[in-house]
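So the structure is just underneath, and the comments pick up after that.
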Amino acid sequence: MDRMAPQPTPETRHFWEGCKAGELRLQTCKSCDGGAYFPPRPFCPRCGSRDVEVVKASGKGVLWSYVINQRPRPDMGKEPHSIAVVQLEEGVRMMTNIVGCPQTPEALVLDMPVEVEFLDLGETALPLFHPA
Amino acid sequence: MKPNTVAVVGAAETTDMGKIPNLSVIGLHADAALNALADAGLKPSDIDGVATAGVSPVELAHYLGIKPTYADGTSVGGCSFMLHVRHAAAAINEGLATTILITHGESGRSRVGAGGFGRNASSLAGQFEMPFGPVGPPSMFTIPVLRYLKERGYTVEDLANVSVIQREWAAKNPRASYKDPLTVDDVLNADMIAYPFTKLMCCLVTDGGGALILTSAERAKDFPQKPVYVLGTGESVETPMVSQMYDFASSTAFRISGKKAFDEAGIKHSDVDHLMIYDAFSHLPLYGLEDLGFCKPGEAADFIRERNTAPGGKLPLNTNGGGLSYMHSGMYGMYALQESVRQLRGIAPAQVPGAKISVCQGVGGMFAAAGTVIFGNEG
């Protein structure tokens with residue numbers, strides 16, 4: 001079964017095109033210098049300015065929190081897997097899966113450094129993270 | 001809203017509770033509504049305002065033959081009914097309607113006439129959460145919790161303890177789905193659903209409904225039941241995505257909603273005799289005790305372990321057994337409100353002796369929204 005894919009909108013397309021191109025893209029505000037924000041939108045959630053730009057993120061962060069889902073959805077395979085939130089160096093948090101390590105509490109330690117990789121889904125790609 | 005100007009004069013749940021295969025969703029709304037009307041000594045034609053979530057207020061009004069001057073379809077998840085109470089109080093004070101019916105019904109277990117749990121793949125949650133595998137609330141609402149435990153110095157035993165103590169309350173409630181005593185080990189050794197949450201830290205999935213009828217405090221004294229007054233209310237909304245909540249260790253929506261309600265009611269925490277905190281999962285009462293200001297951050301787990309919220313404790317919490325042991329059809333907030341009303345009428349199965357003030361805290365979605373209603377029984 002094909003993995004559930006996101007359906008981009010005009011406001012989020014740059015993010016998903018970035019994933020397909022192997023780049024994690026965030027946005028920053030040029031008016032208030034409030035740092036990066038996420039999820040994508042064509043204005044700054046802090047000051048409301050439309051003067052924002054897309055920036056390439058470092059792709060590095062830490063594991064912020066997670067669960068290990070014991071009853072995977074049909075498109076997620078048969079083995080228990082993490083559903084995680086990472087906090088990026090740029091300060092934003094996003095949902096993801098931690099891959100490249102056992103899906104156990106012992107291997108998934110809060111605050112451990114993680115780094116982005118991309119799972120190709122054809123039309124787009126998903127940002128996943130592995131231990132750095 | 002103006003405190004003490006509006007009262008609950010009708011309150012009832014569905015005739016049956018738990019497994020109700022012979023009623024559809026709208027049928028559950030109607031069953032609860034008819035029970036609440038009987039409780040208040042009213043007919044549908046006496047109602048001039050309707051509010052509900054899950055189904056449209058249009059569907060509700062037409063099904064019951066009500067021609068209202070006021071309709072509220074606020075739908076922000078399981079706390080929608082707390083918001084309905086708040087809006088109804090304001091509407092009654094403003095003269096938009098005199099007698100407002102709020103209903104809930106959900107065929108959570110039997111799925112008779114129920115919609116699906118789906119999210120538009122182009123919504124923000126559809127794009128930035130669903131592709132990573134969440135399967136409904138058990139693997140979403142739980143995501144912030146490991147961070148919360150780490151920040152507070154709590155353990156999974158503290159989560160389990162919430163379920164254990166609520167089961168003690170459920171044992172006193174004949175309508176509760178589960179009444180057998182539990183131990184912390186029972187909870188920890190139950191089937192793992194989404195680590196660190198076992199099945200016994202997750203709410204039930206049942207069928208049921210409930211309804212409330214509100215009118216002005218002035219009129220309330222003429223109704224057959226003891227009026228339960230609305231002292232203060234609050235509401236807020238936070239995020240459609242749990243991954244984007246502002247602070248994983250605190251619900252901003254709870255804090256805003258709770259503070260507003262306490263300020264309106266003009267009461268102190270020590271005035272509160274009875275507390276309901278919507279417990280879709282066992283972490284909610286911990287967050288709620290902290291975010292409503294009953295405990296300092298980091299003290300809620302000890303507060304529960306020391307039996308302050310248990311039968312005989314100084315702050316009885318979730319005295320119907322809660323979503324963890326009483327019932328949970330999907331949008332549980334209505335049942336929390338019903339229990340607050342029962343406690344202040346003095347007719348709850350696990351009655352808190354002399355209860356005069358009850359705080360009822362709801363959560364909507366996965367930390368998406370919050371609603372608070374503070375009730376009192378002295379007009």
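Here's how to read the names in the structure tokens: chain A, B, ... by the order shown, residue numbers from 1 in each chain, ligand numbers from 1 in the order shown.
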
Within 8 Å of segment 247-260 of chain B, which residues of segment 136-182 of chain B show up? Give each one with its shortest atom-to-atom distance in Å (one decimal) and the two atoms involved, counting only C-alpha atoms, rows by chain then rising residue number, as a tab-separated table.
```
residue	atom	partner	partner_atom	distance
B:Pro144	CA	B:Phe248	CA	5.1
B:Val145	CA	B:Phe248	CA	7.4
B:Arg147	CA	B:Phe248	CA	6.6
B:Tyr148	CA	B:Ala249	CA	4.5
B:Glu151	CA	B:Ala249	CA	7.1
B:Arg152	CA	B:Ala249	CA	8.0
```

Just asking: which residues within chain A are strand (DSSP E) according to DSSP, as a PyMOL selection string?
chain A and resi 25-29+36-37+52-56+60-69+81-88+93-96+113-120+125-131

Out of B:Met245, B:Ala36, B:Val156, B:Leu317, which residue has the shortest atom-to-atom distance to chain A when counting only C-alpha atoms?
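For chain A, the nearest of the given residues is B:Met245.
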
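Shell of segment 47-64 of chain A at 6 Å, with only C-alpha atoms counted and residues fewer than 5 places along the chain excluded, is Leu24, Arg25, Leu26, Gln27, Thr28, Cys29, Lys30, Val85, Val86, Gln87, Leu88, Glu89, Leu110, Asp111, Met112, Pro113, Val114, Glu115 and Val116 of chain A.
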
Using only C-alpha atoms, find the residues of chain B whose closest atom to chain A is at most 6 Å away, then write them as a PyMOL selection string.
chain B and resi 121-122+127+129+131-132+143-144+146-147+193-195+243

Those residues with N, CA and C atoms, as a PDB file, in the first residue's frame please?
```pdb
ATOM      1  N   ALA B 121      -6.140  15.798   2.861  1.00  0.00           N
ATOM      2  CA  ALA B 121      -4.693  15.680   2.666  1.00  0.00           C
ATOM      3  C   ALA B 121      -4.036  17.005   2.324  1.00  0.00           C
ATOM      4  N   SER B 122      -4.830  18.029   1.991  1.00  0.00           N
ATOM      5  CA  SER B 122      -4.230  19.330   1.702  1.00  0.00           C
ATOM      6  C   SER B 122      -4.353  20.300   2.877  1.00  0.00           C
ATOM      7  N   GLN B 127      -0.964  17.579   5.539  1.00  0.00           N
ATOM      8  CA  GLN B 127       0.366  17.644   4.916  1.00  0.00           C
ATOM      9  C   GLN B 127       1.494  17.385   5.899  1.00  0.00           C
ATOM     10  N   GLU B 129       1.385  16.298   9.274  1.00  0.00           N
ATOM     11  CA  GLU B 129       1.313  15.298  10.346  1.00  0.00           C
ATOM     12  C   GLU B 129       0.902  13.923   9.821  1.00  0.00           C
ATOM     13  N   PRO B 131       1.171  12.228   7.045  1.00  0.00           N
ATOM     14  CA  PRO B 131       2.097  11.339   6.316  1.00  0.00           C
ATOM     15  C   PRO B 131       3.043  10.547   7.218  1.00  0.00           C
ATOM     16  N   PHE B 132       3.127  10.912   8.504  1.00  0.00           N
ATOM     17  CA  PHE B 132       4.084  10.243   9.390  1.00  0.00           C
ATOM     18  C   PHE B 132       3.434   9.144  10.229  1.00  0.00           C
ATOM     19  N   ILE B 143       1.763  12.432  21.806  1.00  0.00           N
ATOM     20  CA  ILE B 143       3.106  12.772  21.325  1.00  0.00           C
ATOM     21  C   ILE B 143       3.866  13.745  22.237  1.00  0.00           C
ATOM     22  N   PRO B 144       3.237  14.736  22.832  1.00  0.00           N
ATOM     23  CA  PRO B 144       4.029  15.659  23.672  1.00  0.00           C
ATOM     24  C   PRO B 144       4.489  15.052  25.004  1.00  0.00           C
ATOM     25  N   LEU B 146       6.255  12.442  26.393  1.00  0.00           N
ATOM     26  CA  LEU B 146       7.616  12.113  26.863  1.00  0.00           C
ATOM     27  C   LEU B 146       8.389  13.391  27.198  1.00  0.00           C
ATOM     28  N   ARG B 147       8.184  14.442  26.413  1.00  0.00           N
ATOM     29  CA  ARG B 147       8.834  15.727  26.715  1.00  0.00           C
ATOM     30  C   ARG B 147       8.309  16.288  28.046  1.00  0.00           C
ATOM     31  N   ILE B 193      -0.197   0.528  23.300  1.00  0.00           N
ATOM     32  CA  ILE B 193      -0.879   1.101  22.132  1.00  0.00           C
ATOM     33  C   ILE B 193       0.102   1.991  21.365  1.00  0.00           C
ATOM     34  N   ALA B 194       0.660   2.953  22.059  1.00  0.00           N
ATOM     35  CA  ALA B 194       1.658   3.854  21.469  1.00  0.00           C
ATOM     36  C   ALA B 194       2.572   4.242  22.624  1.00  0.00           C
ATOM     37  N   TYR B 195       3.758   3.630  22.675  1.00  0.00           N
ATOM     38  CA  TYR B 195       4.662   3.860  23.802  1.00  0.00           C
ATOM     39  C   TYR B 195       4.790   5.351  24.071  1.00  0.00           C
ATOM     40  N   SER B 243       1.746  18.786  17.007  1.00  0.00           N
ATOM     41  CA  SER B 243       3.193  19.023  16.862  1.00  0.00           C
ATOM     42  C   SER B 243       3.533  20.506  16.945  1.00  0.00           C
TER      43      SER B 243
END
```

Could you give me, as a tab-separated table (two decimals) with N, CA and C atoms, in the first residue's frame, each residue of chain A that DSSP assigns to alpha helix (DSSP H) when run on this structure's backbone?
```tsv
chain	number	residue	atom	x	y	z
A	13	ARG	N	3.82	24.77	-1.39
A	13	ARG	CA	4.50	24.02	-2.46
A	13	ARG	C	6.02	24.11	-2.35
A	14	HIS	N	6.54	25.29	-1.95
A	14	HIS	CA	8.00	25.42	-1.86
A	14	HIS	C	8.60	24.43	-0.89
A	15	PHE	N	7.87	24.12	0.17
A	15	PHE	CA	8.39	23.17	1.16
A	15	PHE	C	8.52	21.78	0.54
A	16	TRP	N	7.45	21.35	-0.13
A	16	TRP	CA	7.45	19.98	-0.68
A	16	TRP	C	8.38	19.87	-1.88
A	17	GLU	N	8.47	20.93	-2.68
A	17	GLU	CA	9.45	20.91	-3.79
A	17	GLU	C	10.86	20.84	-3.23
A	18	GLY	N	11.07	21.51	-2.11
A	18	GLY	CA	12.37	21.45	-1.44
A	18	GLY	C	12.71	20.03	-1.00
A	19	CYS	N	11.75	19.36	-0.41
A	19	CYS	CA	11.99	17.98	0.04
A	19	CYS	C	12.37	17.11	-1.16
A	20	LYS	N	11.67	17.30	-2.27
A	20	LYS	CA	11.95	16.52	-3.47
A	20	LYS	C	13.36	16.82	-3.98
```
